[in-house]
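Trainee: My questions will all concern the structure given below.
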Amino acid sequence: MTDQPTEVRVRRAPKFGAFMVVGGGIALIATLIVTSLFPSDPAVGFPALFGYFSLYTVPFGVAVGALVALVLDRRSSKRARILAAEVESVEAPALEAEVVDEGDSPQK
């Protein structure tokens with residue numbers, strides 16, 4: 001066992017995937033609300049209109065979510081703390097080979 005003192009940076013980083021999914025979900029809900037506020041063309045229909053607008057708003061919401069995560073990531077890196085930690089190396093004991101008893105195996 002070897003102990004070595006070292007310094008580490010500790011910070012809280014946002015999960016980018018979660019921010020992007022939430023941004024896309026908020027954009028989808030906003031698209032649903034805005035699309036339902038106005039009358040739709042009877043030749044096109046509401047589902048097609050909602051789908052068409054979702055093609056533009058959901059990627060925009062995902063991008064906004066990613067930007068928010070980037071801003072929070074930069075902010076968290078400025079607030080990072082440097083702490084002392086010990087690196088501990090432990091060697092695992094060697095495993096013995098498993099012995100198979102041939103008498104227990106089924107015969108064909």
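Letters A, B, ... go to the chains of the structure tokens in the order shown; residues in each chain start at 1; ligands are counted from 1 in the same order.
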Select from range 1-43 of chain A everything DSSP, run on the backbone, classes as alpha helix (DSSP H), then give the selection as a PyMOL selection string.

Mentor: chain A and resi 16-37

Trainee: Just write the chosen residues, N, CA, C and O atoms, as a PDB file, in the first residue's frame.

Mentor:
ATOM      1  N   PHE A  16     -24.619  17.905 -19.045  1.00  0.00           N
ATOM      2  CA  PHE A  16     -25.035  18.547 -20.276  1.00  0.00           C
ATOM      3  C   PHE A  16     -26.261  17.869 -20.894  1.00  0.00           C
ATOM      4  O   PHE A  16     -27.147  18.536 -21.420  1.00  0.00           O
ATOM      5  N   GLY A  17     -26.298  16.554 -20.851  1.00  0.00           N
ATOM      6  CA  GLY A  17     -27.424  15.829 -21.442  1.00  0.00           C
ATOM      7  C   GLY A  17     -28.747  16.202 -20.804  1.00  0.00           C
ATOM      8  O   GLY A  17     -29.762  16.355 -21.496  1.00  0.00           O
ATOM      9  N   ALA A  18     -28.755  16.349 -19.493  1.00  0.00           N
ATOM     10  CA  ALA A  18     -29.987  16.706 -18.789  1.00  0.00           C
ATOM     11  C   ALA A  18     -30.456  18.107 -19.195  1.00  0.00           C
ATOM     12  O   ALA A  18     -31.657  18.323 -19.419  1.00  0.00           O
ATOM     13  N   PHE A  19     -29.539  19.039 -19.302  1.00  0.00           N
ATOM     14  CA  PHE A  19     -29.906  20.397 -19.703  1.00  0.00           C
ATOM     15  C   PHE A  19     -30.447  20.415 -21.132  1.00  0.00           C
ATOM     16  O   PHE A  19     -31.392  21.141 -21.439  1.00  0.00           O
ATOM     17  N   MET A  20     -29.854  19.629 -22.008  1.00  0.00           N
ATOM     18  CA  MET A  20     -30.303  19.598 -23.393  1.00  0.00           C
ATOM     19  C   MET A  20     -31.686  18.953 -23.526  1.00  0.00           C
ATOM     20  O   MET A  20     -32.528  19.427 -24.289  1.00  0.00           O
ATOM     21  N   VAL A  21     -31.934  17.896 -22.772  1.00  0.00           N
ATOM     22  CA  VAL A  21     -33.253  17.247 -22.809  1.00  0.00           C
ATOM     23  C   VAL A  21     -34.327  18.171 -22.240  1.00  0.00           C
ATOM     24  O   VAL A  21     -35.420  18.291 -22.810  1.00  0.00           O
ATOM     25  N   VAL A  22     -34.028  18.840 -21.141  1.00  0.00           N
ATOM     26  CA  VAL A  22     -34.993  19.763 -20.546  1.00  0.00           C
ATOM     27  C   VAL A  22     -35.254  20.941 -21.493  1.00  0.00           C
ATOM     28  O   VAL A  22     -36.407  21.368 -21.664  1.00  0.00           O
ATOM     29  N   GLY A  23     -34.218  21.454 -22.132  1.00  0.00           N
ATOM     30  CA  GLY A  23     -34.407  22.544 -23.102  1.00  0.00           C
ATOM     31  C   GLY A  23     -35.287  22.118 -24.266  1.00  0.00           C
ATOM     32  O   GLY A  23     -36.168  22.869 -24.699  1.00  0.00           O
ATOM     33  N   GLY A  24     -35.056  20.920 -24.784  1.00  0.00           N
ATOM     34  CA  GLY A  24     -35.899  20.413 -25.869  1.00  0.00           C
ATOM     35  C   GLY A  24     -37.324  20.181 -25.420  1.00  0.00           C
ATOM     36  O   GLY A  24     -38.276  20.452 -26.163  1.00  0.00           O
ATOM     37  N   GLY A  25     -37.510  19.685 -24.202  1.00  0.00           N
ATOM     38  CA  GLY A  25     -38.860  19.460 -23.671  1.00  0.00           C
ATOM     39  C   GLY A  25     -39.624  20.756 -23.466  1.00  0.00           C
ATOM     40  O   GLY A  25     -40.817  20.841 -23.790  1.00  0.00           O
ATOM     41  N   ILE A  26     -38.947  21.761 -22.935  1.00  0.00           N
ATOM     42  CA  ILE A  26     -39.598  23.065 -22.751  1.00  0.00           C
ATOM     43  C   ILE A  26     -39.974  23.658 -24.097  1.00  0.00           C
ATOM     44  O   ILE A  26     -41.055  24.229 -24.269  1.00  0.00           O
ATOM     45  N   ALA A  27     -39.099  23.519 -25.099  1.00  0.00           N
ATOM     46  CA  ALA A  27     -39.400  24.034 -26.436  1.00  0.00           C
ATOM     47  C   ALA A  27     -40.587  23.291 -27.047  1.00  0.00           C
ATOM     48  O   ALA A  27     -41.434  23.901 -27.715  1.00  0.00           O
ATOM     49  N   LEU A  28     -40.679  21.990 -26.815  1.00  0.00           N
ATOM     50  CA  LEU A  28     -41.795  21.209 -27.346  1.00  0.00           C
ATOM     51  C   LEU A  28     -43.114  21.635 -26.708  1.00  0.00           C
ATOM     52  O   LEU A  28     -44.127  21.796 -27.402  1.00  0.00           O
ATOM     53  N   ILE A  29     -43.109  21.857 -25.403  1.00  0.00           N
ATOM     54  CA  ILE A  29     -44.321  22.307 -24.711  1.00  0.00           C
ATOM     55  C   ILE A  29     -44.709  23.709 -25.166  1.00  0.00           C
ATOM     56  O   ILE A  29     -45.891  23.997 -25.404  1.00  0.00           O
ATOM     57  N   ALA A  30     -43.716  24.588 -25.328  1.00  0.00           N
ATOM     58  CA  ALA A  30     -44.005  25.951 -25.803  1.00  0.00           C
ATOM     59  C   ALA A  30     -44.571  25.913 -27.224  1.00  0.00           C
ATOM     60  O   ALA A  30     -45.496  26.671 -27.550  1.00  0.00           O
ATOM     61  N   THR A  31     -44.043  25.024 -28.059  1.00  0.00           N
ATOM     62  CA  THR A  31     -44.567  24.889 -29.419  1.00  0.00           C
ATOM     63  C   THR A  31     -46.011  24.407 -29.399  1.00  0.00           C
ATOM     64  O   THR A  31     -46.854  24.895 -30.164  1.00  0.00           O
ATOM     65  N   LEU A  32     -46.311  23.469 -28.531  1.00  0.00           N
ATOM     66  CA  LEU A  32     -47.680  22.970 -28.414  1.00  0.00           C
ATOM     67  C   LEU A  32     -48.635  24.079 -27.986  1.00  0.00           C
ATOM     68  O   LEU A  32     -49.730  24.228 -28.544  1.00  0.00           O
ATOM     69  N   ILE A  33     -48.218  24.872 -27.015  1.00  0.00           N
ATOM     70  CA  ILE A  33     -49.076  25.957 -26.518  1.00  0.00           C
ATOM     71  C   ILE A  33     -49.286  27.012 -27.598  1.00  0.00           C
ATOM     72  O   ILE A  33     -50.420  27.428 -27.868  1.00  0.00           O
ATOM     73  N   VAL A  34     -48.210  27.459 -28.229  1.00  0.00           N
ATOM     74  CA  VAL A  34     -48.322  28.519 -29.238  1.00  0.00           C
ATOM     75  C   VAL A  34     -49.100  28.028 -30.457  1.00  0.00           C
ATOM     76  O   VAL A  34     -49.917  28.763 -31.026  1.00  0.00           O
ATOM     77  N   THR A  35     -48.884  26.796 -30.869  1.00  0.00           N
ATOM     78  CA  THR A  35     -49.590  26.265 -32.035  1.00  0.00           C
ATOM     79  C   THR A  35     -51.081  26.118 -31.741  1.00  0.00           C
ATOM     80  O   THR A  35     -51.915  26.350 -32.620  1.00  0.00           O
ATOM     81  N   SER A  36     -51.440  25.772 -30.529  1.00  0.00           N
ATOM     82  CA  SER A  36     -52.855  25.600 -30.210  1.00  0.00           C
ATOM     83  C   SER A  36     -53.580  26.926 -29.984  1.00  0.00           C
ATOM     84  O   SER A  36     -54.804  26.957 -29.991  1.00  0.00           O
ATOM     85  N   LEU A  37     -52.840  28.024 -29.790  1.00  0.00           N
ATOM     86  CA  LEU A  37     -53.479  29.327 -29.594  1.00  0.00           C
ATOM     87  C   LEU A  37     -54.066  29.883 -30.889  1.00  0.00           C
ATOM     88  O   LEU A  37     -55.028  30.655 -30.849  1.00  0.00           O
TER      89      LEU A  37
END

Trainee: Would you list the contacts of Ile82 in chain A as a ChimeraX atom specification, taking every protein, DNA or RNA residue within 8 Å and counting only C-alpha atoms, but skipping same-chain residues closer than 3 positions in sequence?

Mentor: /A:7-10

Trainee: Keeping only all heavy atoms, take the residues you just selected and write them out as a CSV table (one decimal), in the first residue's frame.

Mentor:
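The resulting file, part-v6.csv, is reproduced below:
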chain,number,residue,atom,x,y,z
A,7,GLU,N,-2.9,17.4,-4.5
A,7,GLU,CA,-3.9,18.4,-4.5
A,7,GLU,C,-4.9,18.1,-5.7
A,7,GLU,O,-4.4,17.7,-6.8
A,7,GLU,CB,-3.3,19.8,-4.7
A,7,GLU,CG,-2.6,20.2,-3.5
A,7,GLU,CD,-2.1,21.7,-3.6
A,7,GLU,OE1,-2.2,22.2,-4.8
A,7,GLU,OE2,-1.6,22.2,-2.6
A,8,VAL,N,-6.2,18.2,-5.4
A,8,VAL,CA,-7.2,18.0,-6.4
A,8,VAL,C,-8.1,19.2,-6.5
A,8,VAL,O,-8.3,19.8,-5.5
A,8,VAL,CB,-8.0,16.7,-6.1
A,8,VAL,CG1,-7.1,15.4,-6.3
A,8,VAL,CG2,-8.6,16.7,-4.8
A,9,ARG,N,-8.7,19.4,-7.7
A,9,ARG,CA,-9.7,20.4,-7.8
A,9,ARG,C,-11.1,19.8,-7.7
A,9,ARG,O,-11.4,18.8,-8.4
A,9,ARG,CB,-9.6,21.1,-9.2
A,9,ARG,CG,-8.6,22.2,-9.2
A,9,ARG,CD,-8.6,22.8,-10.6
A,9,ARG,NE,-9.7,23.8,-10.6
A,9,ARG,CZ,-9.9,24.6,-11.6
A,9,ARG,NH1,-9.1,24.6,-12.7
A,9,ARG,NH2,-10.9,25.5,-11.6
A,10,VAL,N,-11.9,20.3,-6.9
A,10,VAL,CA,-13.3,19.8,-6.7
A,10,VAL,C,-14.3,20.9,-7.1
A,10,VAL,O,-14.2,22.0,-6.6
A,10,VAL,CB,-13.5,19.4,-5.2
A,10,VAL,CG1,-14.9,18.9,-5.0
A,10,VAL,CG2,-12.5,18.4,-4.8

Trainee: Could you tell me how far CA of Tyr52 in chain A lies from CA of Ala66 in chain A, in Å and to one decimal?

Mentor: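 Straight-line distance from CA of Tyr52 in chain A to CA of Ala66 in chain A works out to 22.5 Å.
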
Trainee: What is the CA of Thr6 in chain A to CA of Ala80 in chain A distance in Å?

Mentor: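 For CA of Thr6 in chain A relative to CA of Ala80 in chain A, the distance reads 16.0 Å.
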
Trainee: So that I can check the secondary structure, give me every residue of chain A assigned strand (DSSP E) by backbone DSSP, as a PyMOL selection string.

Mentor: chain A and resi 2-10+81-89

Trainee: Would you mind listing what lies within 12 Å of Leu72 in chain A as a list in words, with only C-alpha atoms counted and same-chain residues fewer than 4 positions away left out?

Mentor: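 Counting only the stated atoms, we get Arg11, Arg12, Ala13, Pro14, Lys15, Phe16, Phe19, Gly65, Ala66, Leu67, Val68, Ser76, Ser77, Lys78 and Arg79 of chain A.
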
Trainee: Take the residues from that selection and write them out as a compact mmCIF listing (two decimals), in the first residue's frame, keeping all heavy atoms.

Mentor:
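This is the output file part.txt:
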# COMPACT_ATOMS: atom_id res chain seq x y z
N ARG A 11 -15.20 20.48 -7.97
CA ARG A 11 -16.23 21.41 -8.39
C ARG A 11 -17.48 20.65 -8.76
O ARG A 11 -17.44 19.45 -8.99
CB ARG A 11 -15.78 22.25 -9.58
CG ARG A 11 -15.60 21.47 -10.85
CD ARG A 11 -15.07 22.36 -11.97
NE ARG A 11 -14.93 21.63 -13.20
CZ ARG A 11 -15.75 21.74 -14.23
NH1 ARG A 11 -16.77 22.57 -14.16
NH2 ARG A 11 -15.56 21.05 -15.31
N ARG A 12 -18.59 21.34 -8.82
CA ARG A 12 -19.85 20.74 -9.23
C ARG A 12 -20.08 21.10 -10.69
O ARG A 12 -20.24 22.27 -11.03
CB ARG A 12 -20.99 21.27 -8.38
CG ARG A 12 -20.86 20.86 -6.92
CD ARG A 12 -22.01 21.34 -6.12
NE ARG A 12 -23.22 20.72 -6.67
CZ ARG A 12 -24.39 20.75 -6.07
NH1 ARG A 12 -24.51 21.37 -4.94
NH2 ARG A 12 -25.43 20.17 -6.61
N ALA A 13 -20.08 20.12 -11.54
CA ALA A 13 -20.27 20.34 -12.98
C ALA A 13 -21.67 19.91 -13.38
O ALA A 13 -22.18 18.89 -12.92
CB ALA A 13 -19.23 19.56 -13.76
N PRO A 14 -22.32 20.69 -14.26
CA PRO A 14 -23.66 20.31 -14.72
C PRO A 14 -23.61 19.14 -15.69
O PRO A 14 -22.61 18.92 -16.37
CB PRO A 14 -24.17 21.57 -15.41
CG PRO A 14 -22.94 22.26 -15.87
CD PRO A 14 -21.89 21.95 -14.84
N LYS A 15 -24.70 18.39 -15.76
CA LYS A 15 -24.81 17.30 -16.72
C LYS A 15 -25.42 17.87 -18.00
O LYS A 15 -26.58 18.28 -18.02
CB LYS A 15 -25.68 16.18 -16.16
CG LYS A 15 -25.05 15.52 -14.97
CD LYS A 15 -25.86 14.34 -14.51
CE LYS A 15 -25.16 13.69 -13.33
NZ LYS A 15 -25.84 12.48 -12.91
N PHE A 16 -24.62 17.90 -19.05
CA PHE A 16 -25.04 18.55 -20.28
C PHE A 16 -26.26 17.87 -20.89
O PHE A 16 -27.15 18.54 -21.42
CB PHE A 16 -23.88 18.56 -21.28
CG PHE A 16 -22.86 19.62 -20.99
CD1 PHE A 16 -21.88 19.42 -20.03
CD2 PHE A 16 -22.89 20.82 -21.66
CE1 PHE A 16 -20.96 20.39 -19.75
CE2 PHE A 16 -21.97 21.81 -21.39
CZ PHE A 16 -20.99 21.59 -20.43
N PHE A 19 -29.54 19.04 -19.30
CA PHE A 19 -29.91 20.40 -19.70
C PHE A 19 -30.45 20.41 -21.13
O PHE A 19 -31.39 21.14 -21.44
CB PHE A 19 -28.71 21.34 -19.59
CG PHE A 19 -28.51 21.88 -18.20
CD1 PHE A 19 -27.75 21.19 -17.28
CD2 PHE A 19 -29.09 23.07 -17.81
CE1 PHE A 19 -27.56 21.67 -16.00
CE2 PHE A 19 -28.92 23.57 -16.54
CZ PHE A 19 -28.15 22.87 -15.63
N GLY A 65 -30.46 24.97 -24.05
CA GLY A 65 -30.10 24.17 -22.88
C GLY A 65 -28.61 23.91 -22.80
O GLY A 65 -28.01 23.95 -21.73
N ALA A 66 -27.97 23.65 -23.96
CA ALA A 66 -26.53 23.43 -23.98
C ALA A 66 -25.77 24.71 -23.61
O ALA A 66 -24.76 24.66 -22.90
CB ALA A 66 -26.09 22.94 -25.35
N LEU A 67 -26.26 25.86 -24.08
CA LEU A 67 -25.62 27.14 -23.73
C LEU A 67 -25.73 27.42 -22.23
O LEU A 67 -24.77 27.89 -21.61
CB LEU A 67 -26.25 28.28 -24.52
CG LEU A 67 -25.79 28.41 -25.96
CD1 LEU A 67 -26.59 29.47 -26.68
CD2 LEU A 67 -24.31 28.74 -26.01
N VAL A 68 -26.88 27.13 -21.65
CA VAL A 68 -27.06 27.33 -20.20
C VAL A 68 -26.09 26.42 -19.44
O VAL A 68 -25.45 26.83 -18.47
CB VAL A 68 -28.52 27.08 -19.78
CG1 VAL A 68 -28.66 27.02 -18.27
CG2 VAL A 68 -29.42 28.15 -20.36
N SER A 76 -18.95 27.19 -12.55
CA SER A 76 -18.52 26.23 -11.54
C SER A 76 -17.01 26.03 -11.55
O SER A 76 -16.41 25.73 -10.52
CB SER A 76 -19.22 24.89 -11.73
OG SER A 76 -18.72 24.22 -12.86
N SER A 77 -16.38 26.20 -12.72
CA SER A 77 -14.92 26.05 -12.75
C SER A 77 -14.22 27.22 -12.05
O SER A 77 -13.13 27.06 -11.52
CB SER A 77 -14.43 25.92 -14.20
OG SER A 77 -14.64 27.12 -14.90
N LYS A 78 -14.88 28.38 -12.02
CA LYS A 78 -14.30 29.51 -11.29
C LYS A 78 -14.44 29.34 -9.79
O LYS A 78 -13.65 29.88 -9.02
CB LYS A 78 -14.97 30.81 -11.73
CG LYS A 78 -14.63 31.22 -13.14
CD LYS A 78 -15.31 32.49 -13.52
CE LYS A 78 -14.98 32.85 -14.96
NZ LYS A 78 -15.68 34.07 -15.39
N ARG A 79 -15.45 28.60 -9.37
CA ARG A 79 -15.69 28.38 -7.94
C ARG A 79 -15.06 27.09 -7.44
O ARG A 79 -15.36 26.65 -6.34
CB ARG A 79 -17.18 28.33 -7.67
CG ARG A 79 -17.87 29.64 -7.87
CD ARG A 79 -19.32 29.51 -7.50
NE ARG A 79 -19.96 30.82 -7.54
CZ ARG A 79 -21.14 31.07 -7.04
NH1 ARG A 79 -21.82 30.09 -6.48
NH2 ARG A 79 -21.65 32.27 -7.12

Trainee: Env of Gln4 in chain A: 10 Å cut, atoms = only C-alpha atoms, seq-sep filter 2 positions within chain, self excluded. Answer as a PyMOL selection string.

Mentor: chain A and resi 2+6+85-89

Trainee: For the atom pair CA of Ser54 in chain A and CA of Ser40 in chain A, what is the interatomic distance in Å to one decimal place?

Mentor: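 These atoms are spaced 14.8 Å apart.
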